[in-house]
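What follows is start_4.cif (mmCIF, C-alpha atoms, pLDDT in the B column; chains and numbers go by the auth columns).
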```
data_model
loop_
_atom_site.group_PDB
_atom_site.id
_atom_site.type_symbol
_atom_site.label_atom_id
_atom_site.label_comp_id
_atom_site.label_asym_id
_atom_site.label_seq_id
_atom_site.Cartn_x
_atom_site.Cartn_y
_atom_site.Cartn_z
_atom_site.B_iso_or_equiv
_atom_site.auth_seq_id
_atom_site.auth_asym_id
ATOM 1 C CA MET A 1 69.649 84.330 122.017 55.00 18 A
ATOM 2 C CA LYS A 2 68.925 80.856 120.685 65.00 19 A
ATOM 3 C CA ILE A 3 70.733 79.163 117.848 60.00 20 A
ATOM 4 C CA LYS A 4 68.129 78.086 115.332 66.00 21 A
ATOM 5 C CA GLU A 5 70.391 76.168 113.008 66.00 22 A
ATOM 6 C CA ALA A 6 73.990 75.474 113.967 67.00 23 A
ATOM 7 C CA ASN A 7 76.579 75.901 111.217 68.00 24 A
ATOM 8 C CA ALA A 8 74.003 76.786 108.573 69.00 25 A
ATOM 9 C CA GLY A 9 76.737 78.047 106.274 78.00 26 A
ATOM 10 C CA ALA A 10 79.455 80.589 105.784 84.00 27 A
ATOM 11 C CA LEU A 11 78.706 84.282 106.162 86.00 28 A
ATOM 12 C CA THR A 12 79.875 87.093 103.950 88.00 29 A
ATOM 13 C CA ASN A 13 81.853 89.918 105.514 87.00 30 A
ATOM 14 C CA PHE A 14 78.833 92.147 104.882 89.00 31 A
ATOM 15 C CA GLU A 15 76.629 89.869 107.011 90.00 32 A
ATOM 16 C CA VAL A 16 79.153 89.870 109.855 88.00 33 A
ATOM 17 C CA LEU A 17 79.486 93.647 109.679 88.00 34 A
ATOM 18 C CA ASP A 18 75.704 94.017 109.632 87.00 35 A
ATOM 19 C CA PHE A 19 75.445 91.775 112.705 84.00 36 A
ATOM 20 C CA LEU A 20 78.080 93.773 114.607 85.00 37 A
ATOM 21 C CA ARG A 21 76.326 97.023 113.699 84.00 38 A
ATOM 22 C CA SER A 22 73.011 95.589 114.952 81.00 39 A
ATOM 23 C CA ARG A 23 74.691 94.890 118.306 78.00 40 A
ATOM 24 C CA GLY A 24 75.790 98.529 118.491 76.00 41 A
ATOM 25 C CA ALA A 25 79.434 98.419 117.434 73.00 42 A
ATOM 26 C CA SER A 26 79.128 101.580 115.360 69.00 43 A
ATOM 27 C CA LYS A 27 77.146 103.556 117.938 63.00 44 A
ATOM 28 C CA ASP A 28 79.594 103.598 120.858 61.00 45 A
ATOM 29 C CA PRO A 29 82.820 105.491 120.135 68.00 46 A
ATOM 30 C CA THR A 30 84.054 104.833 123.690 64.00 47 A
ATOM 31 C CA ARG A 31 83.533 101.090 123.244 60.00 48 A
ATOM 32 C CA VAL A 32 82.420 100.718 126.840 62.00 49 A
ATOM 33 C CA ILE A 33 78.631 100.775 126.814 66.00 50 A
ATOM 34 C CA VAL A 34 77.768 98.128 124.197 67.00 51 A
ATOM 35 C CA PRO A 35 77.996 94.404 125.019 73.00 52 A
ATOM 36 C CA ILE A 36 80.652 93.639 122.430 76.00 53 A
ATOM 37 C CA ALA A 37 83.987 91.974 123.153 77.00 54 A
ATOM 38 C CA PRO A 38 87.257 93.723 122.236 77.00 55 A
ATOM 39 C CA SER A 39 87.930 91.041 119.645 77.00 56 A
ATOM 40 C CA GLU A 40 84.601 91.833 117.994 82.00 57 A
ATOM 41 C CA PHE A 41 85.600 95.497 117.826 80.00 58 A
ATOM 42 C CA LYS A 42 88.803 94.455 116.069 81.00 59 A
ATOM 43 C CA VAL A 43 86.738 92.532 113.524 86.00 60 A
ATOM 44 C CA TYR A 44 84.423 95.529 113.152 84.00 61 A
ATOM 45 C CA ASP A 45 87.387 97.885 112.592 84.00 62 A
ATOM 46 C CA TYR A 46 88.766 95.571 109.907 86.00 63 A
ATOM 47 C CA LEU A 47 85.432 95.162 108.133 89.00 64 A
ATOM 48 C CA VAL A 48 84.722 98.901 108.114 87.00 65 A
ATOM 49 C CA GLU A 49 87.870 99.345 106.005 86.00 66 A
ATOM 50 C CA SER A 50 87.045 96.423 103.677 86.00 67 A
ATOM 51 C CA ALA A 51 84.737 96.090 100.683 87.00 68 A
ATOM 52 C CA ALA A 52 81.925 94.961 102.990 87.00 69 A
ATOM 53 C CA CYS A 53 81.534 98.506 104.307 86.00 70 A
ATOM 54 C CA ASN A 54 79.868 99.811 101.128 87.00 71 A
ATOM 55 C CA GLN A 55 77.959 96.651 100.199 88.00 72 A
ATOM 56 C CA THR A 56 74.225 96.184 100.628 90.00 73 A
ATOM 57 C CA LYS A 57 71.941 93.158 100.449 92.00 74 A
ATOM 58 C CA GLU A 58 70.823 94.346 97.025 93.00 75 A
ATOM 59 C CA HIS A 59 74.415 94.404 95.737 91.00 76 A
ATOM 60 C CA ILE A 60 75.063 90.888 96.972 92.00 77 A
ATOM 61 C CA ASN A 61 71.757 89.472 95.689 93.00 78 A
ATOM 62 C CA ASP A 62 72.328 91.119 92.311 93.00 79 A
ATOM 63 C CA PHE A 63 75.815 89.627 92.118 91.00 80 A
ATOM 64 C CA LEU A 64 74.548 86.171 93.131 92.00 81 A
ATOM 65 C CA GLU A 65 71.907 86.265 90.382 92.00 82 A
ATOM 66 C CA ARG A 66 74.270 87.469 87.686 90.00 83 A
ATOM 67 C CA CYS A 67 77.146 85.105 88.496 89.00 84 A
ATOM 68 C CA LYS A 68 75.021 81.921 88.259 89.00 85 A
ATOM 69 C CA ASN A 69 76.057 81.536 84.606 87.00 86 A
ATOM 70 C CA TYR A 70 79.688 81.012 85.643 87.00 87 A
ATOM 71 C CA LYS A 71 78.974 77.912 87.759 87.00 88 A
ATOM 72 C CA LEU A 72 81.258 78.957 90.609 90.00 89 A
ATOM 73 C CA ALA A 73 81.596 76.980 93.826 90.00 90 A
ATOM 74 C CA LYS A 74 79.971 78.470 96.927 92.00 91 A
ATOM 75 C CA ALA A 75 83.381 79.171 98.471 91.00 92 A
ATOM 76 C CA GLU A 76 84.533 80.946 95.299 92.00 93 A
ATOM 77 C CA VAL A 77 81.431 83.166 95.272 92.00 94 A
ATOM 78 C CA LEU A 78 81.882 83.938 98.968 92.00 95 A
ATOM 79 C CA ASN A 79 85.524 84.910 98.473 92.00 96 A
ATOM 80 C CA ILE A 80 84.699 87.087 95.467 92.00 97 A
ATOM 81 C CA ILE A 81 82.057 88.951 97.480 92.00 98 A
ATOM 82 C CA ASN A 82 84.378 89.366 100.470 91.00 99 A
ATOM 83 C CA LEU A 83 87.537 90.344 98.580 91.00 100 A
ATOM 84 C CA ARG A 84 85.991 92.154 95.578 91.00 101 A
ATOM 85 C CA PRO A 85 88.779 91.452 93.098 89.00 102 A
ATOM 86 C CA SER A 86 89.017 94.212 90.507 88.00 103 A
ATOM 87 C CA ALA A 87 91.683 92.709 88.237 89.00 104 A
ATOM 88 C CA LEU A 88 92.513 89.348 86.681 88.00 105 A
ATOM 89 C CA VAL A 89 95.549 89.062 88.934 90.00 106 A
ATOM 90 C CA GLU A 90 93.363 89.355 92.017 90.00 107 A
ATOM 91 C CA ILE A 91 90.715 86.848 90.910 88.00 108 A
ATOM 92 C CA ASP A 92 93.136 84.133 89.794 87.00 109 A
ATOM 93 C CA PRO A 93 93.981 82.848 93.309 90.00 110 A
ATOM 94 C CA ILE A 94 90.307 82.812 94.291 91.00 111 A
ATOM 95 C CA ILE A 95 89.080 80.545 91.471 89.00 112 A
ATOM 96 C CA GLU A 96 90.566 77.107 91.098 89.00 113 A
ATOM 97 C CA GLN A 97 91.923 76.430 87.590 87.00 114 A
ATOM 98 C CA SER A 98 90.447 79.718 86.412 85.00 115 A
ATOM 99 C CA GLU A 99 92.097 79.767 82.969 86.00 116 A
ATOM 100 C CA LYS A 100 91.064 76.219 82.203 87.00 117 A
ATOM 101 C CA ARG A 101 87.482 76.651 83.425 87.00 118 A
ATOM 102 C CA PHE A 102 86.703 80.123 82.095 85.00 119 A
ATOM 103 C CA GLY A 103 89.275 81.370 79.600 84.00 120 A
ATOM 104 C CA LYS A 104 87.958 84.658 78.149 85.00 121 A
ATOM 105 C CA GLN A 105 84.932 84.641 80.467 88.00 122 A
ATOM 106 C CA LEU A 106 87.232 85.428 83.376 89.00 123 A
ATOM 107 C CA GLU A 107 87.548 89.029 82.189 90.00 124 A
ATOM 108 C CA GLU A 108 83.759 89.262 82.013 91.00 125 A
ATOM 109 C CA LEU A 109 83.547 87.993 85.595 91.00 126 A
ATOM 110 C CA VAL A 110 86.000 90.653 86.787 90.00 127 A
ATOM 111 C CA ASN A 111 83.980 93.316 84.956 91.00 128 A
ATOM 112 C CA LEU A 112 80.816 91.991 86.621 91.00 129 A
ATOM 113 C CA VAL A 113 82.441 92.255 90.049 91.00 130 A
ATOM 114 C CA VAL A 114 83.579 95.830 89.380 91.00 131 A
ATOM 115 C CA GLU A 115 80.172 96.775 88.009 91.00 132 A
ATOM 116 C CA VAL A 116 77.963 95.222 90.704 90.00 133 A
ATOM 117 C CA LEU A 117 79.953 95.336 93.940 89.00 134 A
ATOM 118 C CA PRO A 118 80.960 98.777 95.265 89.00 135 A
ATOM 119 C CA GLU A 119 84.630 99.484 95.829 85.00 136 A
ATOM 120 C CA PRO A 120 86.029 99.550 99.357 83.00 137 A
ATOM 121 C CA PRO A 121 86.619 102.894 101.044 80.00 138 A
ATOM 122 C CA THR A 122 90.383 102.326 101.173 62.00 139 A
ATOM 123 C CA GLN A 123 90.643 102.470 97.376 57.00 140 A
ATOM 124 C CA LYS A 124 88.778 105.784 97.252 54.00 141 A
ATOM 125 C CA ASN A 125 90.835 107.234 100.095 53.00 142 A
ATOM 126 C CA ALA A 126 94.105 105.960 98.647 51.00 143 A
ATOM 127 C CA GLU A 127 93.536 107.873 95.421 52.00 144 A
ATOM 128 C CA GLN A 128 92.673 111.059 97.312 53.00 145 A
ATOM 129 C CA GLY A 129 95.323 110.520 99.975 53.00 146 A
ATOM 130 C CA ASN A 130 98.251 110.130 97.580 53.00 147 A
ATOM 131 C CA SER A 131 98.411 113.844 96.866 48.00 148 A
ATOM 132 C CA GLU A 132 98.039 114.685 100.571 51.00 149 A
ATOM 133 C CA ASP A 133 100.795 112.218 101.515 48.00 150 A
ATOM 134 C CA LYS A 134 103.186 113.851 99.054 49.00 151 A
ATOM 135 C CA GLU A 135 102.472 117.302 100.501 48.00 152 A
ATOM 136 C CA GLU A 136 102.948 116.023 104.045 49.00 153 A
ATOM 137 C CA THR A 137 106.252 114.405 103.096 46.00 154 A
ATOM 138 C CA ILE A 138 107.490 117.673 101.621 49.00 155 A
ATOM 139 C CA ASP A 139 106.439 119.577 104.755 47.00 156 A
ATOM 140 C CA ARG A 140 108.243 117.118 107.004 48.00 157 A
ATOM 141 C CA LYS A 141 111.339 117.354 104.862 47.00 158 A
ATOM 142 C CA ASP A 142 111.242 121.154 105.126 49.00 159 A
ATOM 143 C CA MET A 143 110.780 120.891 108.883 49.00 160 A
ATOM 144 C CA ASP A 144 113.768 118.573 109.202 49.00 161 A
ATOM 145 C CA GLU A 145 115.922 121.045 107.287 49.00 162 A
ATOM 146 C CA GLY A 146 114.712 123.893 109.494 49.00 163 A
ATOM 147 C CA GLU A 147 115.516 121.905 112.615 49.00 164 A
ATOM 148 C CA ARG A 148 119.000 121.145 111.304 48.00 165 A
ATOM 149 C CA GLU A 149 119.568 124.843 110.708 46.00 166 A
ATOM 150 C CA THR A 150 118.516 125.635 114.270 46.00 167 A
ATOM 151 C CA THR A 151 120.667 122.977 115.911 46.00 168 A
ATOM 152 C CA ASN A 152 123.655 123.398 113.613 48.00 169 A
ATOM 153 C CA GLY A 153 123.387 127.190 113.495 47.00 170 A
ATOM 154 C CA ASP A 154 125.341 129.853 115.336 46.00 171 A
ATOM 155 C CA GLU A 155 126.881 129.213 118.726 46.00 172 A
ATOM 156 C CA ASP A 156 124.720 131.966 120.281 46.00 173 A
ATOM 157 C CA GLN A 157 121.642 129.664 119.763 46.00 174 A
ATOM 158 C CA ALA A 158 119.834 131.897 117.292 48.00 175 A
ATOM 159 C CA GLU A 159 116.455 130.665 116.055 52.00 176 A
ATOM 160 C CA GLN A 160 114.700 131.500 112.843 55.00 177 A
ATOM 161 C CA THR A 161 111.181 132.875 112.632 54.00 178 A
ATOM 162 C CA GLU A 162 108.786 131.916 109.868 54.00 179 A
ATOM 163 C CA ASP A 163 110.029 134.853 107.796 56.00 180 A
ATOM 164 C CA GLY A 164 113.580 133.554 107.978 58.00 181 A
ATOM 165 C CA GLU A 165 114.766 136.247 110.396 58.00 182 A
ATOM 166 C CA LYS A 166 116.970 135.178 113.258 57.00 183 A
ATOM 167 C CA MET A 167 115.820 135.685 116.828 57.00 184 A
ATOM 168 C CA GLU A 168 118.208 135.438 119.721 56.00 185 A
ATOM 169 C CA ASP A 169 117.340 133.657 122.946 55.00 186 A
ATOM 170 C CA SER A 170 117.800 135.646 126.116 50.00 187 A
#
```

Represent the structure from my file as structure tokens, please.
Amino acid sequence: MKIKEANAGALTNFEVLDFLRSRGASKDPTRVIVPIAPSEFKVYDYLVESAACNQTKEHINDFLERCKNYKLAKAEVLNIINLRPSALVEIDPIIEQSEKRFGKQLEELVNLVVEVLPEPPTQKNAEQGNSEDKEETIDRKDMDEGERETTNGDEDQAEQTEDGEKMEDS
């Protein structure tokens, strides 16, 4: 591989993820066959859980075209694409002097980000996973109580079945 132009510019997380996929990072579950370093797999694992996972070139090009009106710095645009802020609180640290420069337009910019760039998989899974986490917590709590009953139970080491009947050990 030859470097055509050294330090041509910063890459988006999508471009890095696309590069790692092209080298085979997603194809080898054992992580032995492909010529990728362990550190690159760590980067790949992080990016698969980030907003870059669901982005496409079309999403990024569309965002770049539509955000030209805001006159953002290249670094600000790059950070917005990589982080995909979906609220004013999240975009404020990315844009320098955001209130002074944009005022009411800042809300429009956040809406543009939400509209054009797809949300990361962690946000989708978090909404679905909340109900599952609650159920799992309840089950663990019930298990802990059942274990306490078994260990703190009768001296003859009786155990309970699922029906609540006691079984004696021989």

Which residues match the PyMOL selection byres ((chain A and resi 133-137) around 8) in the file above, as a ChimeraX atom specification?
/A:66-72,76-77,79-80,98,101,129-132,138-141

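With distances restricted to only C-alpha atoms, A:Val65 is the closest residue to Phe31 of chain A from A:Val65, A:Ala104, A:Ala90, A:Ile112.
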
Name the residues that the PyMOL selection byres ((chain A and resi 34-36) around 10) pulls out of this structure, and write them as a ChimeraX atom specification.
/A:29-33,37-43,57,60-65,69-70,73-74

Could you list, as a PyMOL selection string, every residue matched by the PyMOL selection byres ((chain A and resi 111) around 8) in this structure?
chain A and resi 93+96-97+107-110+112-113

Output for the residues just chosen: C-alpha atoms as a PDB file, keeping the file's coordinate frame:
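File written: selection-v4.pdb
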```pdb
ATOM      1  CA  GLU A  93      84.533  80.946  95.299  1.00 92.00           C
ATOM      2  CA  ASN A  96      85.524  84.910  98.473  1.00 92.00           C
ATOM      3  CA  ILE A  97      84.699  87.087  95.467  1.00 92.00           C
ATOM      4  CA  GLU A 107      93.363  89.355  92.017  1.00 90.00           C
ATOM      5  CA  ILE A 108      90.715  86.848  90.910  1.00 88.00           C
ATOM      6  CA  ASP A 109      93.136  84.133  89.794  1.00 87.00           C
ATOM      7  CA  PRO A 110      93.981  82.848  93.309  1.00 90.00           C
ATOM      8  CA  ILE A 112      89.080  80.545  91.471  1.00 89.00           C
ATOM      9  CA  GLU A 113      90.566  77.107  91.098  1.00 89.00           C
TER      10      GLU A 113
END
```

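Counting from atom CA of Glu124 of chain A, the distance to atom CA of Leu105 of chain A is 6.7 Å.
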
Between atom CA of Asn78 of chain A and atom CA of Val106 of chain A, what distance in Å does the model show, to one decimal?
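These two atoms are separated by 24.7 Å.
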
Nearest to Ser103 of chain A, chosen from A:Glu125, A:Ala54, A:Phe119, A:Ala27, with all atoms listed in the file counted in the distances
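Selected residue with least distance to Ser103 of chain A: A:Glu125.
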
Expressed in Å to a single decimal, how great is the separation between atom CA of Arg118 of chain A and atom CA of Glu82 of chain A?
19.6 Å
